[in-house]
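First the structure, in the form of structure tokens, and then the observations on it.
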Amino acid sequence: MSGGDRVGLAWRDELAAQIFLHLDSIDHLEIIVEREMSASHRRLDALRDLACQIPLSLHGVSLGLASSVNVSDARLERIARLVERVQPDHWSEHLSFVRAGGIEIGHLAAAPYAPPTLAGALRNLERVREVVGALPQLENIATLLTPPGSCWTESEFICRVLRGADAAMLLDLHNLYANACNSDGDLFAILDSLPLERVASVHLSGGHWEDGPDGRSRLIDDHIHDPPPRVYKLLEALAFKVPQHLTVIIERDGRYPDFAALLEQIARARGALASGRTRRRVTELQQVA
Amino acid sequence: MITNPMEILLARLFVSPNEVERFLQDRENYAKDCGLAAAQLTEILQIDAASLRFAARSYERKRHRSS
């Protein structure tokens, strides 16, 4: 593997036995925050023990940071307790809005890429820093609709939030791929427009194509299919472009394949990283020569 | 802190394909009901109906899958 880069899996209870059997082949595990909020003391102790054996991150899905709606202090305090208890390597959340006007969307959605959302996100992140003590790595989301009322692109919005809060990024390459496909955007130009110097972690997942009522096909990010080849190409490009070490996590939420297939995906991600790193070293040597 | 009315409108649309149809029948009044100012109505009139229907249905399926 490339020195310092790590490749691992999103923890799912369905995969637990196989994960333990193959810990030597997994560099990192990611635990969903909301699934552990009501965990027993014994389970939290087990997670803490696991964090001593392998780098582990906590991943939240329900804070709604990128919103004019204030993040709930009660949620933050629960996350703070979980972080304190498990002692993860880091934690992460989405740049999304999930509720407004008393309505819970039940999913990650994009609020307008505009000053009110930016102001809300920066205010929320400041509160997160105060209560939890550490900022989460911030993840880009998949969206099927450019939010009305936007005056920036998604990349411009992400740059403003990350730089404004001085936060690191969890770059979901399948979300990037899906948004580029669905908006007819230039995939690699969009990658270049992101604050790549802030990317610390990467998500790889898959999705499926679906026909819409207008006869147009759109790519849905669903985490129940294998990462497509273009996602590995993006990972290779990222490893070429940035010098920092990356933690890569493969996300799978259902229709689990044989564990051997997941290990193969880990190996493929390592291969993409190694290929990008090698190209980077060659380019650097050529520049010196 | 005041919630951006656009977020309220989007939240209403994203939780129900039926709400999307109500919205598409009378965008202007639906938007006003969510508290949007007149200056924001132009944005509302430009929302692509097919993409909105697709998004609402996709969210609904994902909610069912994760529940």
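Residue numbering restarts at 1 for every chain of the structure tokens, chains are lettered A, B, ... in their displayed order, and ligands are numbered from 1 as they appear.
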- [ ] Write out as a PyMOL selection string which residues come within 7 Å of stretch 10-19 of chain B when counting only C-alpha atoms, dropping same-chain ones fewer than 5 positions away.
- [x] (chain A and resi 99-100+103+105) or (chain B and resi 53+56-57+59-60)
Open item on the list: Give me, as a PyMOL selection string, the residues of chain A touching chain B, with the criterion being at most 6 Å (counting only C-alpha atoms).
Closed with: chain A and resi 68-69+100-101+105+144+148-149+212+214
Requested write-out: C-alpha atoms of the selected residues, as a CSV table (one decimal), in the first residue's frame:
```csv
chain,number,residue,atom,x,y,z
A,68,SER,CA,-29.9,28.2,8.2
A,69,VAL,CA,-31.5,26.0,10.9
A,100,ALA,CA,-36.6,22.8,8.2
A,101,GLY,CA,-39.8,24.3,9.5
A,105,ILE,CA,-36.7,15.1,5.5
A,144,LEU,CA,-30.7,15.3,-7.8
A,148,PRO,CA,-33.1,26.9,-6.2
A,149,GLY,CA,-31.9,30.1,-4.8
A,212,GLY,CA,-37.1,9.6,-14.9
A,214,ASP,CA,-38.9,12.9,-18.6
```
Task: Pick from A:His59, A:Ala119, A:Ser67, A:Val131 nearest to A:Ala80, counting only C-alpha atoms - done: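 For A:Ala80, the nearest of the candidates is A:Val131.
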Task: Filtered DSSP result for chain B, state helix (DSSP H, G or I), as a PyMOL selection string - done: chain B and resi 5-14+17-25+27-33+38-45+49-66
Requested write-out: N, CA and C atoms of the selected residues, as a short mmCIF file (atom, residue, chain, number, x, y, z; two decimals), in the first residue's frame:
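Full text of result00.cif as output:
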```cif
data_model
loop_
_atom_site.label_atom_id
_atom_site.label_comp_id
_atom_site.auth_asym_id
_atom_site.auth_seq_id
_atom_site.Cartn_x
_atom_site.Cartn_y
_atom_site.Cartn_z
N PRO B 5 -36.77 30.48 4.16
CA PRO B 5 -38.03 29.90 3.67
C PRO B 5 -37.82 28.92 2.51
N MET B 6 -36.74 29.11 1.76
CA MET B 6 -36.47 28.16 0.67
C MET B 6 -36.22 26.76 1.21
N GLU B 7 -35.57 26.69 2.39
CA GLU B 7 -35.34 25.37 2.99
C GLU B 7 -36.67 24.75 3.44
N ILE B 8 -37.56 25.60 3.93
CA ILE B 8 -38.87 25.08 4.35
C ILE B 8 -39.62 24.53 3.14
N LEU B 9 -39.57 25.27 2.05
CA LEU B 9 -40.25 24.81 0.83
C LEU B 9 -39.65 23.49 0.35
N LEU B 10 -38.33 23.43 0.31
CA LEU B 10 -37.68 22.20 -0.17
C LEU B 10 -37.98 21.02 0.75
N ALA B 11 -37.97 21.27 2.06
CA ALA B 11 -38.26 20.19 3.01
C ALA B 11 -39.67 19.64 2.76
N ARG B 12 -40.63 20.54 2.55
CA ARG B 12 -42.00 20.09 2.29
C ARG B 12 -42.07 19.26 1.02
N LEU B 13 -41.35 19.69 -0.01
CA LEU B 13 -41.40 18.97 -1.28
C LEU B 13 -40.68 17.62 -1.20
N PHE B 14 -39.60 17.59 -0.44
CA PHE B 14 -38.79 16.37 -0.41
C PHE B 14 -39.41 15.26 0.43
N PRO B 17 -44.11 13.14 -2.60
CA PRO B 17 -44.41 13.38 -4.02
C PRO B 17 -45.76 14.07 -4.20
N ASN B 18 -46.70 13.84 -3.27
CA ASN B 18 -48.00 14.53 -3.38
C ASN B 18 -47.83 16.04 -3.21
N GLU B 19 -46.93 16.42 -2.28
CA GLU B 19 -46.66 17.85 -2.09
C GLU B 19 -46.06 18.45 -3.36
N VAL B 20 -45.24 17.67 -4.04
CA VAL B 20 -44.64 18.14 -5.29
C VAL B 20 -45.74 18.46 -6.30
N GLU B 21 -46.73 17.58 -6.39
CA GLU B 21 -47.82 17.83 -7.35
C GLU B 21 -48.63 19.07 -6.95
N ARG B 22 -48.87 19.23 -5.66
CA ARG B 22 -49.57 20.44 -5.20
C ARG B 22 -48.78 21.69 -5.57
N PHE B 23 -47.48 21.61 -5.36
CA PHE B 23 -46.60 22.74 -5.68
C PHE B 23 -46.64 23.06 -7.18
N LEU B 24 -46.56 22.00 -7.99
CA LEU B 24 -46.50 22.22 -9.43
C LEU B 24 -47.80 22.79 -9.99
N GLN B 25 -48.90 22.55 -9.27
CA GLN B 25 -50.19 23.09 -9.73
C GLN B 25 -50.27 24.62 -9.53
N ARG B 27 -47.31 27.07 -8.19
CA ARG B 27 -45.99 27.31 -7.58
C ARG B 27 -45.99 28.60 -6.75
N GLU B 28 -46.57 29.64 -7.32
CA GLU B 28 -46.46 30.95 -6.68
C GLU B 28 -47.12 30.98 -5.30
N ASN B 29 -48.34 30.49 -5.24
CA ASN B 29 -49.04 30.51 -3.94
C ASN B 29 -48.43 29.54 -2.95
N TYR B 30 -47.95 28.40 -3.46
CA TYR B 30 -47.30 27.43 -2.58
C TYR B 30 -46.05 28.07 -1.96
N ALA B 31 -45.30 28.78 -2.80
CA ALA B 31 -44.06 29.42 -2.32
C ALA B 31 -44.37 30.52 -1.31
N LYS B 32 -45.42 31.29 -1.60
CA LYS B 32 -45.80 32.35 -0.66
C LYS B 32 -46.21 31.74 0.68
N ASP B 33 -46.90 30.61 0.61
CA ASP B 33 -47.35 29.92 1.82
C ASP B 33 -46.15 29.47 2.68
N ALA B 38 -41.19 37.84 -2.70
CA ALA B 38 -41.46 37.97 -4.14
C ALA B 38 -40.17 37.82 -4.95
N ALA B 39 -39.07 38.33 -4.40
CA ALA B 39 -37.80 38.27 -5.13
C ALA B 39 -37.33 36.83 -5.35
N GLN B 40 -37.80 35.90 -4.51
CA GLN B 40 -37.36 34.50 -4.63
C GLN B 40 -38.25 33.68 -5.57
N LEU B 41 -39.36 34.30 -6.02
CA LEU B 41 -40.31 33.52 -6.82
C LEU B 41 -39.74 33.12 -8.18
N THR B 42 -38.88 33.96 -8.73
CA THR B 42 -38.29 33.64 -10.03
C THR B 42 -37.59 32.28 -9.97
N GLU B 43 -36.86 32.06 -8.86
CA GLU B 43 -36.14 30.80 -8.69
C GLU B 43 -37.12 29.62 -8.67
N ILE B 44 -38.24 29.86 -8.02
CA ILE B 44 -39.23 28.79 -7.86
C ILE B 44 -39.84 28.42 -9.21
N LEU B 45 -40.07 29.43 -10.03
CA LEU B 45 -40.68 29.16 -11.33
C LEU B 45 -39.72 28.41 -12.25
N ALA B 49 -39.55 20.55 -13.30
CA ALA B 49 -40.58 19.68 -12.71
C ALA B 49 -40.15 18.22 -12.71
N ALA B 50 -39.56 17.76 -13.80
CA ALA B 50 -39.18 16.34 -13.89
C ALA B 50 -38.11 16.01 -12.85
N SER B 51 -37.14 16.88 -12.71
CA SER B 51 -36.07 16.63 -11.72
C SER B 51 -36.65 16.64 -10.30
N LEU B 52 -37.59 17.54 -10.06
CA LEU B 52 -38.19 17.62 -8.73
C LEU B 52 -39.00 16.35 -8.42
N ARG B 53 -39.80 15.92 -9.39
CA ARG B 53 -40.58 14.68 -9.19
C ARG B 53 -39.64 13.50 -8.95
N PHE B 54 -38.59 13.45 -9.73
CA PHE B 54 -37.62 12.36 -9.61
C PHE B 54 -36.97 12.38 -8.23
N ALA B 55 -36.56 13.56 -7.79
CA ALA B 55 -35.89 13.68 -6.49
C ALA B 55 -36.83 13.27 -5.36
N ALA B 56 -38.07 13.74 -5.40
CA ALA B 56 -39.01 13.42 -4.31
C ALA B 56 -39.27 11.93 -4.25
N ARG B 57 -39.42 11.30 -5.41
CA ARG B 57 -39.66 9.85 -5.42
C ARG B 57 -38.44 9.08 -4.93
N SER B 58 -37.26 9.57 -5.31
CA SER B 58 -36.03 8.91 -4.88
C SER B 58 -35.88 9.01 -3.36
N TYR B 59 -36.15 10.19 -2.80
CA TYR B 59 -36.07 10.35 -1.35
C TYR B 59 -37.06 9.43 -0.65
N GLU B 60 -38.26 9.32 -1.23
CA GLU B 60 -39.28 8.47 -0.61
C GLU B 60 -38.82 7.01 -0.57
N ARG B 61 -38.25 6.55 -1.68
CA ARG B 61 -37.78 5.16 -1.72
C ARG B 61 -36.64 4.93 -0.72
N LYS B 62 -35.73 5.91 -0.65
CA LYS B 62 -34.61 5.75 0.28
C LYS B 62 -35.09 5.73 1.72
N ARG B 63 -36.10 6.55 2.02
CA ARG B 63 -36.64 6.55 3.39
C ARG B 63 -37.25 5.19 3.71
N HIS B 64 -37.99 4.64 2.75
CA HIS B 64 -38.61 3.33 2.98
C HIS B 64 -37.55 2.26 3.17
N ARG B 65 -36.47 2.37 2.40
CA ARG B 65 -35.42 1.36 2.49
C ARG B 65 -34.72 1.39 3.83
N SER B 66 -34.54 2.59 4.36
CA SER B 66 -33.77 2.70 5.61
C SER B 66 -34.66 2.60 6.84
#
```
List as a compact mmCIF listing (two decimals) with N, CA and C atoms, in the first residue's frame the protein and nucleic acid residues near A:Trp11, meaning an atom at most 12 Å away when only C-alpha atoms are counted, but skip any in the same chain fewer than 3 places from it.
```txt
# COMPACT_ATOMS: atom_id res chain seq x y z
N GLY A 8 -10.22 1.16 4.15
CA GLY A 8 -11.03 0.35 5.06
C GLY A 8 -12.48 0.29 4.66
N GLU A 14 -23.93 -6.51 9.98
CA GLU A 14 -24.03 -7.70 9.12
C GLU A 14 -22.65 -8.21 8.69
N LEU A 15 -21.67 -7.31 8.71
CA LEU A 15 -20.32 -7.68 8.24
C LEU A 15 -19.36 -7.96 9.39
N ALA A 16 -19.84 -7.83 10.62
CA ALA A 16 -18.95 -7.83 11.79
C ALA A 16 -18.03 -9.05 11.85
N ALA A 17 -18.63 -10.23 11.70
CA ALA A 17 -17.81 -11.44 11.87
C ALA A 17 -16.69 -11.48 10.84
N GLN A 18 -17.02 -11.16 9.60
CA GLN A 18 -16.01 -11.18 8.54
C GLN A 18 -14.97 -10.08 8.74
N ILE A 19 -15.41 -8.94 9.24
CA ILE A 19 -14.45 -7.86 9.51
C ILE A 19 -13.42 -8.33 10.53
N PHE A 20 -13.90 -8.95 11.61
CA PHE A 20 -12.96 -9.42 12.64
C PHE A 20 -12.01 -10.48 12.10
N LEU A 23 -9.27 -8.51 9.88
CA LEU A 23 -8.76 -7.21 10.35
C LEU A 23 -7.38 -6.88 9.76
N ILE A 26 -7.68 -4.82 6.66
CA ILE A 26 -8.49 -3.59 6.72
C ILE A 26 -7.72 -2.57 7.55
N HIS A 28 -8.90 0.60 8.32
CA HIS A 28 -9.71 1.63 8.98
C HIS A 28 -11.17 1.16 9.00
N LEU A 29 -11.87 1.53 10.04
CA LEU A 29 -13.31 1.25 10.11
C LEU A 29 -14.07 2.54 10.41
N GLU A 30 -15.25 2.65 9.81
CA GLU A 30 -16.08 3.84 10.04
C GLU A 30 -17.42 3.40 10.64
N ILE A 31 -17.77 4.02 11.74
CA ILE A 31 -18.97 3.65 12.49
C ILE A 31 -20.02 4.76 12.35
N ILE A 32 -21.26 4.39 12.06
CA ILE A 32 -22.32 5.39 11.95
C ILE A 32 -22.72 5.89 13.35
N VAL A 33 -22.64 7.19 13.55
CA VAL A 33 -22.92 7.79 14.86
C VAL A 33 -24.32 7.42 15.35
N ARG A 35 -26.31 5.07 14.85
CA ARG A 35 -26.58 3.68 15.25
C ARG A 35 -26.01 3.37 16.63
N GLU A 36 -25.15 4.24 17.13
CA GLU A 36 -24.52 3.99 18.43
C GLU A 36 -25.02 4.93 19.52
N LEU A 47 -16.51 -0.93 21.18
CA LEU A 47 -16.06 0.02 20.14
C LEU A 47 -14.75 0.67 20.55
N LEU A 50 -12.09 -1.72 20.00
CA LEU A 50 -11.83 -1.82 18.56
C LEU A 50 -10.97 -0.65 18.09
N LEU A 56 -10.29 4.15 13.75
CA LEU A 56 -11.75 4.10 13.64
C LEU A 56 -12.27 5.53 13.59
N SER A 57 -13.28 5.76 12.75
CA SER A 57 -13.90 7.09 12.71
C SER A 57 -15.39 6.96 12.96
N LEU A 58 -15.97 8.02 13.46
CA LEU A 58 -17.43 8.09 13.66
C LEU A 58 -18.01 8.95 12.56
N HIS A 59 -19.12 8.52 11.99
CA HIS A 59 -19.69 9.21 10.84
C HIS A 59 -21.16 9.55 11.10
N ILE A 249 -12.60 4.88 2.54
CA ILE A 249 -13.58 3.97 3.17
C ILE A 249 -14.59 3.52 2.11
N ILE A 250 -14.77 2.22 2.01
CA ILE A 250 -15.77 1.68 1.10
C ILE A 250 -17.08 1.52 1.87
N GLU A 251 -18.13 2.14 1.33
CA GLU A 251 -19.44 2.12 1.99
C GLU A 251 -20.35 1.12 1.30
N ARG A 252 -20.96 0.27 2.09
CA ARG A 252 -21.93 -0.68 1.54
C ARG A 252 -23.05 -0.81 2.56
N ASP A 253 -24.28 -0.56 2.12
CA ASP A 253 -25.41 -0.56 3.06
C ASP A 253 -26.39 -1.69 2.85
N GLY A 254 -26.13 -2.58 1.94
CA GLY A 254 -27.07 -3.67 1.71
C GLY A 254 -26.66 -4.47 0.49
```
TODO: Quick one: everything within 12 Å of A:Met169, counting only C-alpha atoms, minus sequence neighbours fewer than 2 positions away in the same chain. Send it as a PyMOL selection string.
DONE: chain A and resi 90-95+135-141+155+158-159+161-163+165-167+171-173+194-203+246-247
May I have the selected residues written with N, CA and C atoms, as a short mmCIF file (atom, residue, chain, number, x, y, z; two decimals), in the first residue's frame?
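Contents of part-v4.cif, as written:
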```
data_model
loop_
_atom_site.label_atom_id
_atom_site.label_comp_id
_atom_site.auth_asym_id
_atom_site.auth_seq_id
_atom_site.Cartn_x
_atom_site.Cartn_y
_atom_site.Cartn_z
N HIS A 90 -11.01 10.23 14.11
CA HIS A 90 -11.65 11.49 13.74
C HIS A 90 -13.15 11.23 13.60
N TRP A 91 -13.92 12.28 13.37
CA TRP A 91 -15.33 12.07 13.06
C TRP A 91 -15.73 12.90 11.86
N SER A 92 -16.87 12.60 11.29
CA SER A 92 -17.27 13.26 10.05
C SER A 92 -18.79 13.46 10.00
N GLU A 93 -19.19 14.39 9.19
CA GLU A 93 -20.63 14.67 8.97
C GLU A 93 -20.80 15.20 7.55
N HIS A 94 -22.07 15.32 7.14
CA HIS A 94 -22.36 15.77 5.78
C HIS A 94 -22.61 17.27 5.72
N LEU A 95 -22.28 17.85 4.59
CA LEU A 95 -22.67 19.23 4.32
C LEU A 95 -24.06 19.17 3.70
N LEU A 135 -13.82 19.62 15.09
CA LEU A 135 -14.71 19.71 13.93
C LEU A 135 -14.76 18.37 13.21
N PRO A 136 -15.90 18.07 12.61
CA PRO A 136 -15.95 16.86 11.77
C PRO A 136 -15.30 17.13 10.42
N GLN A 137 -14.83 16.08 9.79
CA GLN A 137 -14.52 16.19 8.37
C GLN A 137 -15.86 16.32 7.66
N LEU A 138 -15.92 17.18 6.65
CA LEU A 138 -17.21 17.51 6.03
C LEU A 138 -17.34 16.85 4.66
N GLU A 139 -18.46 16.17 4.47
CA GLU A 139 -18.66 15.37 3.26
C GLU A 139 -19.62 16.02 2.28
N ASN A 140 -19.24 15.99 1.01
CA ASN A 140 -20.14 16.42 -0.07
C ASN A 140 -21.24 15.38 -0.26
N ILE A 141 -22.43 15.84 -0.65
CA ILE A 141 -23.56 14.89 -0.79
C ILE A 141 -23.97 14.75 -2.25
N SER A 155 -19.25 23.29 -5.72
CA SER A 155 -17.83 23.36 -5.36
C SER A 155 -17.49 24.69 -4.68
N ILE A 158 -18.78 24.54 -1.17
CA ILE A 158 -17.94 23.68 -0.31
C ILE A 158 -16.63 24.40 0.06
N CYS A 159 -16.01 25.03 -0.93
CA CYS A 159 -14.76 25.77 -0.67
C CYS A 159 -14.98 26.83 0.41
N VAL A 161 -17.27 27.01 2.76
CA VAL A 161 -17.52 26.45 4.09
C VAL A 161 -16.21 25.92 4.70
N LEU A 162 -15.50 25.13 3.92
CA LEU A 162 -14.30 24.49 4.47
C LEU A 162 -13.24 25.52 4.85
N ARG A 163 -13.08 26.51 3.98
CA ARG A 163 -12.06 27.54 4.28
C ARG A 163 -12.54 28.44 5.42
N ALA A 165 -14.48 27.66 7.90
CA ALA A 165 -14.45 26.96 9.20
C ALA A 165 -13.08 26.36 9.48
N ASP A 166 -12.19 26.39 8.50
CA ASP A 166 -10.90 25.70 8.59
C ASP A 166 -11.10 24.22 8.89
N ALA A 167 -11.93 23.60 8.06
CA ALA A 167 -12.28 22.19 8.27
C ALA A 167 -11.66 21.31 7.18
N LEU A 171 -14.22 13.47 1.08
CA LEU A 171 -14.67 13.58 -0.31
C LEU A 171 -15.33 12.26 -0.74
N ASP A 172 -16.64 12.31 -0.98
CA ASP A 172 -17.34 11.13 -1.47
C ASP A 172 -17.26 11.14 -2.99
N LEU A 173 -16.47 10.20 -3.52
CA LEU A 173 -16.23 10.23 -4.97
C LEU A 173 -17.43 9.74 -5.76
N LEU A 194 -12.63 21.51 -6.38
CA LEU A 194 -12.83 21.32 -4.94
C LEU A 194 -11.56 21.68 -4.17
N PRO A 195 -11.68 21.95 -2.87
CA PRO A 195 -10.48 22.29 -2.08
C PRO A 195 -9.70 21.01 -1.74
N LEU A 196 -9.00 20.48 -2.73
CA LEU A 196 -8.37 19.16 -2.59
C LEU A 196 -7.31 19.14 -1.49
N GLU A 197 -6.73 20.32 -1.21
CA GLU A 197 -5.70 20.36 -0.16
C GLU A 197 -6.31 20.05 1.21
N ARG A 198 -7.63 20.08 1.29
CA ARG A 198 -8.29 19.81 2.58
C ARG A 198 -8.85 18.39 2.68
N VAL A 199 -8.71 17.60 1.61
CA VAL A 199 -9.29 16.26 1.64
C VAL A 199 -8.44 15.36 2.54
N ALA A 200 -9.08 14.80 3.55
CA ALA A 200 -8.39 13.90 4.46
C ALA A 200 -8.89 12.46 4.29
N SER A 201 -10.17 12.34 3.95
CA SER A 201 -10.77 11.02 3.80
C SER A 201 -11.59 10.96 2.51
N VAL A 202 -11.87 9.74 2.09
CA VAL A 202 -12.59 9.51 0.83
C VAL A 202 -13.62 8.41 1.05
N HIS A 203 -14.80 8.58 0.50
CA HIS A 203 -15.79 7.51 0.45
C HIS A 203 -15.89 6.97 -0.97
N LEU A 246 -4.31 9.76 2.65
CA LEU A 246 -5.76 9.68 2.55
C LEU A 246 -6.27 8.44 3.26
N THR A 247 -7.41 8.58 3.91
CA THR A 247 -8.12 7.43 4.47
C THR A 247 -9.31 7.16 3.56
#
```
- [ ] Determine the nearest neighbour of A:Asp27 from the options A:Ile224, A:Leu187, A:Ala267, A:Ala46, counting only C-alpha atoms.
- [x] A:Ala267
